[in-house]
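Peer 1: Next up, model-v8.cif (mmCIF, C-alpha atoms).
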```cif
data_start
#
loop_
_atom_site.group_PDB
_atom_site.id
_atom_site.type_symbol
_atom_site.label_atom_id
_atom_site.label_comp_id
_atom_site.auth_asym_id
_atom_site.auth_seq_id
_atom_site.Cartn_x
_atom_site.Cartn_y
_atom_site.Cartn_z
ATOM 1 C CA MET A 1 53.286 -23.225 47.821
ATOM 2 C CA ARG A 2 53.143 -26.263 50.079
ATOM 3 C CA ILE A 3 55.364 -25.630 53.104
ATOM 4 C CA VAL A 4 56.599 -27.909 55.852
ATOM 5 C CA PHE A 5 57.689 -25.852 58.869
ATOM 6 C CA PHE A 6 60.491 -27.034 61.165
ATOM 7 C CA GLY A 7 60.748 -25.141 64.457
ATOM 8 C CA SER A 8 60.447 -25.451 68.222
ATOM 9 C CA PRO A 9 60.957 -22.441 70.555
ATOM 10 C CA GLU A 10 59.235 -19.090 70.911
ATOM 11 C CA PHE A 11 61.738 -17.575 68.461
ATOM 12 C CA ALA A 12 60.129 -19.613 65.657
ATOM 13 C CA VAL A 13 56.536 -18.600 66.443
ATOM 14 C CA PRO A 14 56.417 -15.247 64.543
ATOM 15 C CA THR A 15 57.527 -16.956 61.328
ATOM 16 C CA LEU A 16 54.918 -19.699 61.633
ATOM 17 C CA LYS A 17 52.250 -17.074 62.359
ATOM 18 C CA THR A 18 53.297 -15.166 59.244
ATOM 19 C CA LEU A 19 53.131 -18.287 57.093
ATOM 20 C CA LEU A 20 49.704 -19.218 58.473
ATOM 21 C CA GLY A 21 48.431 -15.769 57.486
ATOM 22 C CA SER A 22 49.916 -15.932 53.984
ATOM 23 C CA SER A 23 48.661 -17.406 50.734
ATOM 24 C CA HIS A 24 50.908 -20.440 51.241
ATOM 25 C CA GLU A 25 49.734 -23.730 52.705
ATOM 26 C CA VAL A 26 51.502 -25.030 55.793
ATOM 27 C CA VAL A 27 50.903 -28.736 55.292
ATOM 28 C CA ALA A 28 52.671 -29.871 58.481
ATOM 29 C CA VAL A 29 54.841 -28.721 61.367
ATOM 30 C CA VAL A 30 57.877 -30.670 62.565
ATOM 31 C CA THR A 31 58.916 -29.875 66.126
ATOM 32 C CA GLN A 32 60.744 -31.339 69.119
ATOM 33 C CA PRO A 33 58.991 -33.935 71.293
ATOM 34 C CA ASP A 34 57.053 -32.705 74.334
ATOM 35 C CA LYS A 35 59.249 -32.193 77.381
ATOM 36 C CA VAL A 36 58.967 -31.684 81.119
ATOM 37 C CA ARG A 37 59.178 -27.917 81.641
ATOM 38 C CA GLY A 38 58.890 -25.328 84.392
ATOM 39 C CA ARG A 39 58.739 -25.571 88.156
ATOM 40 C CA GLY A 40 55.631 -27.721 88.026
ATOM 41 C CA ARG A 41 57.563 -30.330 86.022
ATOM 42 C CA LYS A 42 54.622 -30.827 83.699
ATOM 43 C CA VAL A 43 54.951 -32.296 80.227
ATOM 44 C CA SER A 44 54.214 -29.520 77.769
ATOM 45 C CA PRO A 45 54.484 -28.953 74.006
ATOM 46 C CA THR A 46 56.873 -26.623 72.256
ATOM 47 C CA PRO A 47 55.474 -23.140 71.512
ATOM 48 C CA VAL A 48 55.439 -24.064 67.815
ATOM 49 C CA LYS A 49 53.342 -27.185 68.436
ATOM 50 C CA ALA A 50 50.867 -25.207 70.539
ATOM 51 C CA LEU A 51 50.381 -22.683 67.732
ATOM 52 C CA ALA A 52 50.071 -25.386 65.071
ATOM 53 C CA GLU A 53 47.425 -27.255 67.029
ATOM 54 C CA ASP A 54 45.456 -24.044 67.542
ATOM 55 C CA HIS A 55 45.252 -23.781 63.738
ATOM 56 C CA GLY A 56 44.587 -27.456 63.068
ATOM 57 C CA ILE A 57 47.945 -28.063 61.398
ATOM 58 C CA PRO A 58 49.280 -31.641 61.514
ATOM 59 C CA VAL A 59 52.259 -31.951 63.873
ATOM 60 C CA LEU A 60 55.150 -34.401 63.565
ATOM 61 C CA GLN A 61 57.452 -34.910 66.570
ATOM 62 C CA PRO A 62 60.069 -37.470 65.561
ATOM 63 C CA THR A 63 62.807 -38.328 68.031
ATOM 64 C CA SER A 64 65.062 -38.376 64.965
ATOM 65 C CA VAL A 65 64.663 -36.917 61.473
ATOM 66 C CA ARG A 66 67.189 -39.435 60.138
ATOM 67 C CA THR A 67 64.869 -42.436 60.079
ATOM 68 C CA ASP A 68 63.330 -43.955 56.964
ATOM 69 C CA GLU A 69 59.925 -43.641 58.614
ATOM 70 C CA PHE A 70 60.200 -39.855 58.980
ATOM 71 C CA LEU A 71 61.574 -39.439 55.458
ATOM 72 C CA LYS A 72 58.607 -41.410 54.109
ATOM 73 C CA GLU A 73 56.174 -39.137 56.006
ATOM 74 C CA LEU A 74 57.938 -36.023 54.699
ATOM 75 C CA LYS A 75 57.872 -37.194 51.078
ATOM 76 C CA ALA A 76 54.163 -38.005 51.369
ATOM 77 C CA LEU A 77 53.502 -34.331 52.193
ATOM 78 C CA GLU A 78 54.942 -33.320 48.790
ATOM 79 C CA PRO A 79 56.425 -30.026 50.063
ATOM 80 C CA ASP A 80 57.543 -27.320 47.668
ATOM 81 C CA VAL A 81 59.859 -25.906 50.331
ATOM 82 C CA ALA A 82 60.719 -26.394 53.995
ATOM 83 C CA VAL A 83 61.151 -23.422 56.316
ATOM 84 C CA VAL A 84 63.437 -24.087 59.279
ATOM 85 C CA VAL A 85 63.617 -21.781 62.331
ATOM 86 C CA ALA A 86 65.451 -22.933 65.466
ATOM 87 C CA TYR A 87 64.300 -26.521 65.044
ATOM 88 C CA GLY A 88 66.951 -27.808 67.424
ATOM 89 C CA LYS A 89 68.450 -30.726 65.510
ATOM 90 C CA ILE A 90 70.776 -31.105 62.538
ATOM 91 C CA VAL A 91 68.821 -31.813 59.361
ATOM 92 C CA PRO A 92 70.403 -34.550 57.185
ATOM 93 C CA LYS A 93 70.943 -34.422 53.435
ATOM 94 C CA SER A 94 68.042 -36.809 52.767
ATOM 95 C CA VAL A 95 65.632 -34.299 54.355
ATOM 96 C CA LEU A 96 67.276 -31.240 52.806
ATOM 97 C CA GLU A 97 66.769 -32.685 49.330
ATOM 98 C CA THR A 98 63.138 -33.768 49.755
ATOM 99 C CA PRO A 99 61.314 -30.432 49.183
ATOM 100 C CA VAL A 100 61.356 -29.221 45.577
ATOM 101 C CA HIS A 101 63.190 -26.022 46.533
ATOM 102 C CA GLY A 102 65.106 -27.433 49.486
ATOM 103 C CA CYS A 103 65.148 -26.007 53.012
ATOM 104 C CA LEU A 104 65.327 -22.306 53.897
ATOM 105 C CA ASN A 105 66.632 -21.420 57.347
ATOM 106 C CA ILE A 106 66.399 -18.217 59.384
ATOM 107 C CA HIS A 107 69.622 -17.652 61.330
ATOM 108 C CA ALA A 108 69.886 -14.832 63.874
ATOM 109 C CA SER A 109 73.124 -13.248 62.666
ATOM 110 C CA LEU A 110 74.682 -11.688 59.600
ATOM 111 C CA LEU A 111 76.311 -14.815 58.240
ATOM 112 C CA PRO A 112 79.072 -15.925 58.166
ATOM 113 C CA ALA A 113 79.364 -14.151 61.544
ATOM 114 C CA TYR A 114 78.180 -16.070 64.604
ATOM 115 C CA ARG A 115 77.481 -19.480 63.166
ATOM 116 C CA GLY A 116 76.207 -21.867 65.809
ATOM 117 C CA ALA A 117 73.696 -22.198 68.625
ATOM 118 C CA GLY A 118 74.075 -18.836 70.406
ATOM 119 C CA PRO A 119 74.297 -16.018 67.837
ATOM 120 C CA ILE A 120 72.075 -13.572 69.730
ATOM 121 C CA GLN A 121 73.772 -14.033 73.083
ATOM 122 C CA TRP A 122 77.321 -13.838 71.765
ATOM 123 C CA ALA A 123 76.643 -10.729 69.700
ATOM 124 C CA ILE A 124 75.650 -8.944 72.930
ATOM 125 C CA ILE A 125 78.378 -10.525 75.059
ATOM 126 C CA ASN A 126 81.010 -9.428 72.542
ATOM 127 C CA GLY A 127 79.732 -5.852 72.495
ATOM 128 C CA GLU A 128 78.531 -5.761 68.895
ATOM 129 C CA THR A 129 76.526 -2.686 67.915
ATOM 130 C CA THR A 130 74.788 -4.359 64.968
ATOM 131 C CA THR A 131 73.564 -7.821 64.093
ATOM 132 C CA GLY A 132 70.705 -9.141 61.994
ATOM 133 C CA VAL A 133 69.015 -12.115 60.392
ATOM 134 C CA SER A 134 70.067 -14.189 57.417
ATOM 135 C CA ILE A 135 67.977 -16.508 55.279
ATOM 136 C CA MET A 136 70.118 -19.360 54.063
ATOM 137 C CA GLN A 137 69.649 -22.237 51.659
ATOM 138 C CA MET A 138 70.568 -25.059 53.978
ATOM 139 C CA ASP A 139 73.352 -27.521 53.245
ATOM 140 C CA GLU A 140 74.884 -30.260 55.387
ATOM 141 C CA GLY A 141 77.217 -27.904 57.265
ATOM 142 C CA MET A 142 76.573 -25.916 60.455
ATOM 143 C CA ASP A 143 75.080 -22.667 59.124
ATOM 144 C CA THR A 144 77.326 -22.808 56.039
ATOM 145 C CA GLY A 145 74.789 -22.667 53.207
ATOM 146 C CA PRO A 146 74.571 -19.840 50.646
ATOM 147 C CA VAL A 147 72.715 -16.741 51.812
ATOM 148 C CA VAL A 148 69.511 -15.704 50.068
ATOM 149 C CA ALA A 149 68.678 -12.524 52.027
ATOM 150 C CA MET A 150 69.827 -10.464 55.017
ATOM 151 C CA LYS A 151 68.442 -7.733 57.277
ATOM 152 C CA GLU A 152 70.709 -5.713 59.576
ATOM 153 C CA VAL A 153 69.491 -4.253 62.882
ATOM 154 C CA ASP A 154 71.071 -2.114 65.587
ATOM 155 C CA ILE A 155 71.762 -3.516 69.051
ATOM 156 C CA LEU A 156 70.590 -0.869 71.511
ATOM 157 C CA GLU A 157 72.494 -0.084 74.694
ATOM 158 C CA ASP A 158 69.727 -1.523 76.870
ATOM 159 C CA ASP A 159 69.075 -4.621 74.750
ATOM 160 C CA ASP A 160 69.442 -8.003 76.357
ATOM 161 C CA ALA A 161 69.180 -11.399 74.674
ATOM 162 C CA VAL A 162 65.409 -11.454 75.299
ATOM 163 C CA SER A 163 64.597 -8.111 73.654
ATOM 164 C CA LEU A 164 67.005 -8.705 70.782
ATOM 165 C CA ALA A 165 65.626 -12.181 70.123
ATOM 166 C CA ASN A 166 62.110 -10.773 69.962
ATOM 167 C CA LEU A 167 63.175 -8.168 67.409
ATOM 168 C CA LEU A 168 65.101 -10.642 65.264
ATOM 169 C CA ALA A 169 62.268 -13.189 65.365
ATOM 170 C CA HIS A 170 59.883 -10.665 63.810
ATOM 171 C CA GLU A 171 62.454 -9.331 61.338
ATOM 172 C CA GLY A 172 63.187 -12.892 60.257
ATOM 173 C CA ALA A 173 59.501 -13.622 59.752
ATOM 174 C CA SER A 174 59.052 -10.575 57.510
ATOM 175 C CA LEU A 175 62.180 -11.364 55.522
ATOM 176 C CA MET A 176 61.130 -14.974 55.013
ATOM 177 C CA GLU A 177 57.772 -13.803 53.671
ATOM 178 C CA GLU A 178 59.566 -11.653 51.089
ATOM 179 C CA VAL A 179 61.841 -14.535 50.088
ATOM 180 C CA LEU A 180 58.909 -16.918 49.614
ATOM 181 C CA GLU A 181 57.089 -14.359 47.467
ATOM 182 C CA THR A 182 60.151 -14.155 45.236
ATOM 183 C CA LEU A 183 60.433 -17.935 45.076
ATOM 184 C CA GLU A 184 56.776 -18.341 44.181
ATOM 185 C CA SER A 185 56.834 -15.688 41.465
ATOM 186 C CA SER A 186 60.142 -16.598 39.828
ATOM 187 C CA GLY A 187 60.522 -20.276 40.702
ATOM 188 C CA ARG A 188 64.099 -19.745 41.889
ATOM 189 C CA LEU A 189 66.234 -17.787 44.335
ATOM 190 C CA GLU A 190 69.541 -15.983 43.925
ATOM 191 C CA SER A 191 72.066 -16.795 46.641
ATOM 192 C CA THR A 192 75.584 -15.815 47.644
ATOM 193 C CA PRO A 193 78.153 -18.288 49.023
ATOM 194 C CA GLN A 194 79.469 -17.402 52.461
ATOM 195 C CA ASP A 195 83.015 -16.093 52.808
ATOM 196 C CA GLU A 196 84.697 -18.757 54.943
ATOM 197 C CA SER A 197 87.559 -16.415 55.835
ATOM 198 C CA LYS A 198 85.095 -14.188 57.753
ATOM 199 C CA ALA A 199 83.286 -16.957 59.630
ATOM 200 C CA THR A 200 82.992 -16.712 63.421
ATOM 201 C CA HIS A 201 81.439 -19.129 65.882
ATOM 202 C CA ALA A 202 78.693 -18.734 68.497
ATOM 203 C CA PRO A 203 78.971 -21.817 70.716
ATOM 204 C CA LEU A 204 76.172 -23.295 72.773
ATOM 205 C CA ILE A 205 75.680 -21.346 75.991
ATOM 206 C CA LYS A 206 76.690 -23.236 79.131
ATOM 207 C CA ARG A 207 75.996 -22.277 82.728
ATOM 208 C CA GLU A 208 79.623 -21.905 83.754
ATOM 209 C CA MET A 209 80.182 -19.262 81.066
ATOM 210 C CA ALA A 210 77.939 -16.853 82.995
ATOM 211 C CA ARG A 211 80.152 -16.463 86.092
ATOM 212 C CA ILE A 212 81.134 -12.799 86.466
ATOM 213 C CA ASN A 213 84.818 -11.929 86.491
ATOM 214 C CA TRP A 214 84.955 -8.677 88.463
ATOM 215 C CA ASP A 215 88.469 -7.979 87.151
ATOM 216 C CA SER A 216 86.870 -7.296 83.754
ATOM 217 C CA PRO A 217 86.083 -3.755 82.594
ATOM 218 C CA THR A 218 82.617 -2.488 83.539
ATOM 219 C CA GLU A 219 81.399 -2.490 79.950
ATOM 220 C CA LYS A 220 82.227 -6.164 79.431
ATOM 221 C CA ILE A 221 80.394 -7.165 82.606
ATOM 222 C CA ILE A 222 77.314 -5.233 81.454
ATOM 223 C CA TRP A 223 77.413 -7.047 78.109
ATOM 224 C CA ARG A 224 77.624 -10.415 79.846
ATOM 225 C CA VAL A 225 74.749 -9.717 82.213
ATOM 226 C CA ARG A 226 72.545 -8.722 79.272
ATOM 227 C CA GLY A 227 73.780 -11.487 76.992
ATOM 228 C CA PHE A 228 73.118 -14.280 79.460
ATOM 229 C CA MET A 229 69.442 -13.400 79.865
ATOM 230 C CA PRO A 230 67.109 -15.240 80.266
ATOM 231 C CA TRP A 231 69.392 -18.251 80.823
ATOM 232 C CA PRO A 232 71.620 -19.058 82.587
ATOM 233 C CA LYS A 233 71.775 -15.477 83.966
ATOM 234 C CA ALA A 234 75.072 -13.966 85.058
ATOM 235 C CA TYR A 235 76.050 -15.012 88.564
ATOM 236 C CA THR A 236 78.602 -14.346 91.285
ATOM 237 C CA THR A 237 79.275 -15.527 94.823
ATOM 238 C CA HIS A 238 78.906 -13.841 98.201
ATOM 239 C CA LYS A 239 80.087 -15.583 101.367
ATOM 240 C CA ASP A 240 80.343 -18.873 99.454
ATOM 241 C CA THR A 241 76.745 -18.591 98.193
ATOM 242 C CA GLU A 242 75.889 -18.056 94.539
ATOM 243 C CA PHE A 243 73.364 -15.455 93.470
ATOM 244 C CA LYS A 244 72.402 -14.082 90.099
ATOM 245 C CA ILE A 245 72.663 -10.530 88.861
ATOM 246 C CA THR A 246 69.913 -9.695 86.402
ATOM 247 C CA GLY A 247 70.119 -5.909 86.103
ATOM 248 C CA VAL A 248 73.104 -3.559 85.844
ATOM 249 C CA ASP A 249 73.851 -0.020 84.703
ATOM 250 C CA ALA A 250 76.913 2.061 84.049
ATOM 251 C CA CYS A 251 78.044 4.059 87.080
ATOM 252 C CA HIS A 252 79.954 7.342 86.963
ATOM 253 C CA PRO A 253 83.056 7.389 89.217
ATOM 254 C CA ASP A 254 81.769 10.594 90.813
ATOM 255 C CA TRP A 255 78.860 8.633 92.304
ATOM 256 C CA VAL A 256 81.135 6.839 94.755
ATOM 257 C CA PRO A 257 83.672 7.998 97.366
ATOM 258 C CA ALA A 258 87.244 8.570 96.184
ATOM 259 C CA SER A 259 88.302 5.862 98.635
ATOM 260 C CA ALA A 260 86.656 3.291 96.362
ATOM 261 C CA PHE A 261 89.602 3.622 93.986
ATOM 262 C CA ARG A 262 92.407 2.965 96.434
ATOM 263 C CA LYS A 263 94.775 0.170 95.470
ATOM 264 C CA GLU A 264 93.708 -1.937 98.424
ATOM 265 C CA VAL A 265 90.066 -2.014 97.204
ATOM 266 C CA PRO A 266 89.818 -5.157 95.031
ATOM 267 C CA PRO A 267 87.458 -5.743 92.107
ATOM 268 C CA GLY A 268 84.247 -7.304 93.390
ATOM 269 C CA MET A 269 84.023 -5.198 96.530
ATOM 270 C CA VAL A 270 80.782 -3.312 97.257
ATOM 271 C CA VAL A 271 81.827 0.333 97.578
ATOM 272 C CA GLU A 272 78.558 2.287 97.762
ATOM 273 C CA ILE A 273 74.796 2.018 98.173
ATOM 274 C CA ILE A 274 72.749 4.381 95.998
ATOM 275 C CA LYS A 275 69.351 5.026 97.530
ATOM 276 C CA GLY A 276 66.503 3.795 95.388
ATOM 277 C CA ARG A 277 68.866 2.307 92.788
ATOM 278 C CA GLY A 278 71.089 -0.461 94.116
ATOM 279 C CA PHE A 279 74.669 -1.158 95.123
ATOM 280 C CA VAL A 280 77.940 -0.263 93.409
ATOM 281 C CA VAL A 281 80.698 -2.817 92.844
ATOM 282 C CA ARG A 282 84.346 -2.114 92.046
ATOM 283 C CA THR A 283 85.379 -3.576 88.673
ATOM 284 C CA GLY A 284 88.579 -3.791 86.653
ATOM 285 C CA GLY A 285 90.402 -0.744 85.327
ATOM 286 C CA GLU A 286 91.605 2.473 86.917
ATOM 287 C CA LYS A 287 88.183 3.763 87.992
ATOM 288 C CA GLY A 288 85.914 0.850 87.215
ATOM 289 C CA VAL A 289 82.572 0.704 89.016
ATOM 290 C CA LEU A 290 79.247 -0.932 88.189
ATOM 291 C CA LEU A 291 75.741 -0.283 89.521
ATOM 292 C CA VAL A 292 73.803 -3.476 90.248
ATOM 293 C CA THR A 293 70.055 -2.797 90.004
ATOM 294 C CA ARG A 294 68.405 -6.246 90.140
ATOM 295 C CA VAL A 295 69.352 -9.587 91.693
ATOM 296 C CA LEU A 296 68.028 -13.116 92.032
ATOM 297 C CA PRO A 297 69.124 -14.538 95.395
ATOM 298 C CA PRO A 298 69.012 -18.318 95.936
ATOM 299 C CA GLY A 299 65.594 -19.584 96.963
ATOM 300 C CA LYS A 300 63.912 -16.226 96.336
ATOM 301 C CA GLY A 301 62.286 -14.355 93.494
ATOM 302 C CA GLU A 302 63.977 -11.654 91.456
ATOM 303 C CA MET A 303 64.089 -8.329 93.302
ATOM 304 C CA GLY A 304 65.456 -4.835 93.126
ATOM 305 C CA ALA A 305 69.043 -4.650 94.359
ATOM 306 C CA ILE A 306 68.095 -1.961 96.876
ATOM 307 C CA ASP A 307 65.526 -4.337 98.392
ATOM 308 C CA PHE A 308 68.288 -6.921 98.661
ATOM 309 C CA VAL A 309 70.412 -4.364 100.507
ATOM 310 C CA ASN A 310 67.565 -3.314 102.808
ATOM 311 C CA GLY A 311 66.917 -6.943 103.664
ATOM 312 C CA GLY A 312 70.482 -7.368 104.848
ATOM 313 C CA GLY A 313 71.598 -9.325 101.806
ATOM 314 C CA ILE A 314 74.664 -7.219 101.157
ATOM 315 C CA ALA A 315 76.541 -4.232 102.574
ATOM 316 C CA ILE A 316 79.404 -1.868 101.810
ATOM 317 C CA GLY A 317 82.714 -3.669 102.202
ATOM 318 C CA ASP A 318 81.367 -7.089 101.201
ATOM 319 C CA ARG A 319 83.357 -8.911 98.520
ATOM 320 C CA LEU A 320 81.691 -10.601 95.570
ATOM 321 C CA GLY A 321 83.281 -13.470 93.706
ATOM 322 C CA ASP A 322 85.473 -14.389 96.657
#
```
Would you mind writing the structure in this file as structure tokens?
Peer 2:
Amino acid sequence: MRIVFFGSPEFAVPTLKTLLGSSHEVVAVVTQPDKVRGRGRKVSPTPVKALAEDHGIPVLQPTSVRTDEFLKELKALEPDVAVVVAYGKIVPKSVLETPVHGCLNIHASLLPAYRGAGPIQWAIINGETTTGVSIMQMDEGMDTGPVVAMKEVDILEDDDAVSLANLLAHEGASLMEEVLETLESSGRLESTPQDESKATHAPLIKREMARINWDSPTEKIIWRVRGFMPWPKAYTTHKDTEFKITGVDACHPDWVPASAFRKEVPPGMVVEIIKGRGFVVRTGGEKGVLLVTRVLPPGKGEMGAIDFVNGGGIAIGDRLGD
């Protein structure tokens, strides 16, 4: 089949690689325009564009897919189907209807759960133990189209949004390959409408969402630290200066002095230093404590929390989030 691939970030790369190694023909890639990225502020292509160019695939980078010019280019490619993975823009009806078999999208959740821009992050932040990928026949709504296939995966206790995204990207690629094989052999796909009564939303991640509330239970703080990786990273304040917390672990109450649980010890206070591991912070609940293992102080690189302590960055009795 003739496929036009819509995608931009690293999450989309495994699917494009799979399609390039299949019997199908990727006739073009549509991706976001080049942007200034990184500390060097250099203009660089999306990961999808870089891969496409390495394989000699034509690349289209329209500022809008709603123009007559883009629609004319798409129709000239005569696609049998479009595969869409984290393209980054809403695809209008005119584009959805151009390929013979429409547009198939990989969404990183078990639809109708976690519709929206941040399904991976919110699944972790909300403490889900399972998630997955869905392949959907796209319509004009936001992740509302009928579902063609699903694959469920477990969320491990040490998963963060980076590790989970990597897993789901590869699971989605494999599932899309199976769906395209079915489409090619039968000429059609069975799909199931989504149950609107079970729909949940995964809004776009914003920086201010990542501020740690030390009154929260330990478990919820752990979920947030892992869910907000790699951006914007969970953060707190110390002596009116923000710094990011990038690694945390559960901490048994027996690891800290009994005095840590006195009523006058507020959530956010550093109550113990554990040699070789990091520092312990009081959290919400009767005996809530959290071990911080990695930090990213302002103007410095990421480091072990114990190195931060040894460098005088923090000490027992300091208050975070004040």
Peer 1: One number please: CA of Ile124 in chain A to CA of Arg224 in chain A, in Å, one decimal.
Peer 2: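 Pair CA of Ile124 in chain A / CA of Arg224 in chain A returns 7.3 Å.
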Peer 1: Expand the PyMOL selection byres ((chain A and resi 145) around 12) into the individual residues it matches in the shown file, reporting them as a PyMOL selection string.
Peer 2: chain A and resi 96+102-107+111-112+115+134-144+146-149+191-196
Peer 1: List as a list of chain:residue names the protein and nucleic acid residues near Leu189 in chain A, meaning an atom at most 9 Å away when only C-alpha atoms are counted, but skip any in the same chain fewer than 6 places from it.
Peer 2: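 In the requested format, the answer is A:Val148, A:Val179, A:Thr182, A:Leu183.
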Peer 1: Could you write out that same residue set with C-alpha atoms as a PDB file, in the coordinates of the input?
Peer 2:
```pdb
ATOM      1  CA  VAL A 148      69.511 -15.704  50.068  1.00  0.00           C
ATOM      2  CA  VAL A 179      61.841 -14.535  50.088  1.00  0.00           C
ATOM      3  CA  THR A 182      60.151 -14.155  45.236  1.00  0.00           C
ATOM      4  CA  LEU A 183      60.433 -17.935  45.076  1.00  0.00           C
TER       5      LEU A 183
END
```
Peer 1: Within 7 Å of range 5-21 of chain A, counting all atoms listed in the file, which residues show up once you throw out same-chain ones fewer than 5 positions away? Write them as a ChimeraX atom specification, please.
Peer 2: /A:26,28-32,46-48,82-88,165-166,169-170,173
Peer 1: Under the rule that only C-alpha atoms are counted, which of A:Ser163, A:Thr241, A:Gln61, A:Thr130 is the nearest residue to Lys151 in chain A?
Peer 2: A:Thr130
Peer 1: Would you mind telling me which residue in A:Ser174, A:Thr236, A:Ser44, A:Ser64 lies nearest to Arg207 in chain A when using all atoms listed in the file?
Peer 2: A:Thr236
Peer 1: As JSON, numbers by chain, please: the residues near Gly132 in chain A (cut-off 7 Å, all atoms listed in the file, same-chain neighbours under 4 positions excluded).
Peer 2: {"A": [108, 109, 110, 151, 152, 153, 168]}
Peer 1: Which residue, A:Glu190, A:Glu181, A:Glu69, A:Glu264, has the smallest gap to Ser22 in chain A when you use only C-alpha atoms?
Peer 2: A:Glu181
Peer 1: Enter the distance from CA of Arg2 in chain A to CA of Glu78 in chain A, in Å, rounded to one decimal.
Peer 2: 7.4 Å
Peer 1: Restricting the calculation to all atoms listed in the file, which member of A:Ser216, A:Ser186, A:Gln121, A:Thr200 is positioned closest to Pro232 in chain A?
Peer 2: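 That would be A:Gln121, the residue with the smallest distance to Pro232 in chain A.
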Peer 1: Which residues are near Met1 in chain A? Cut-off 10 Å, all atoms listed in the file, ignore same chain within fewer than 2 positions. Put them as a ChimeraX atom specification.
Peer 2: /A:3-4,23-27,79-81,180-181,183-184
Peer 1: Determine the nearest neighbour of Gly317 in chain A from the options A:Ile273, A:Val43, A:Ile125, A:Val91, counting all atoms listed in the file.
Peer 2: A:Ile273
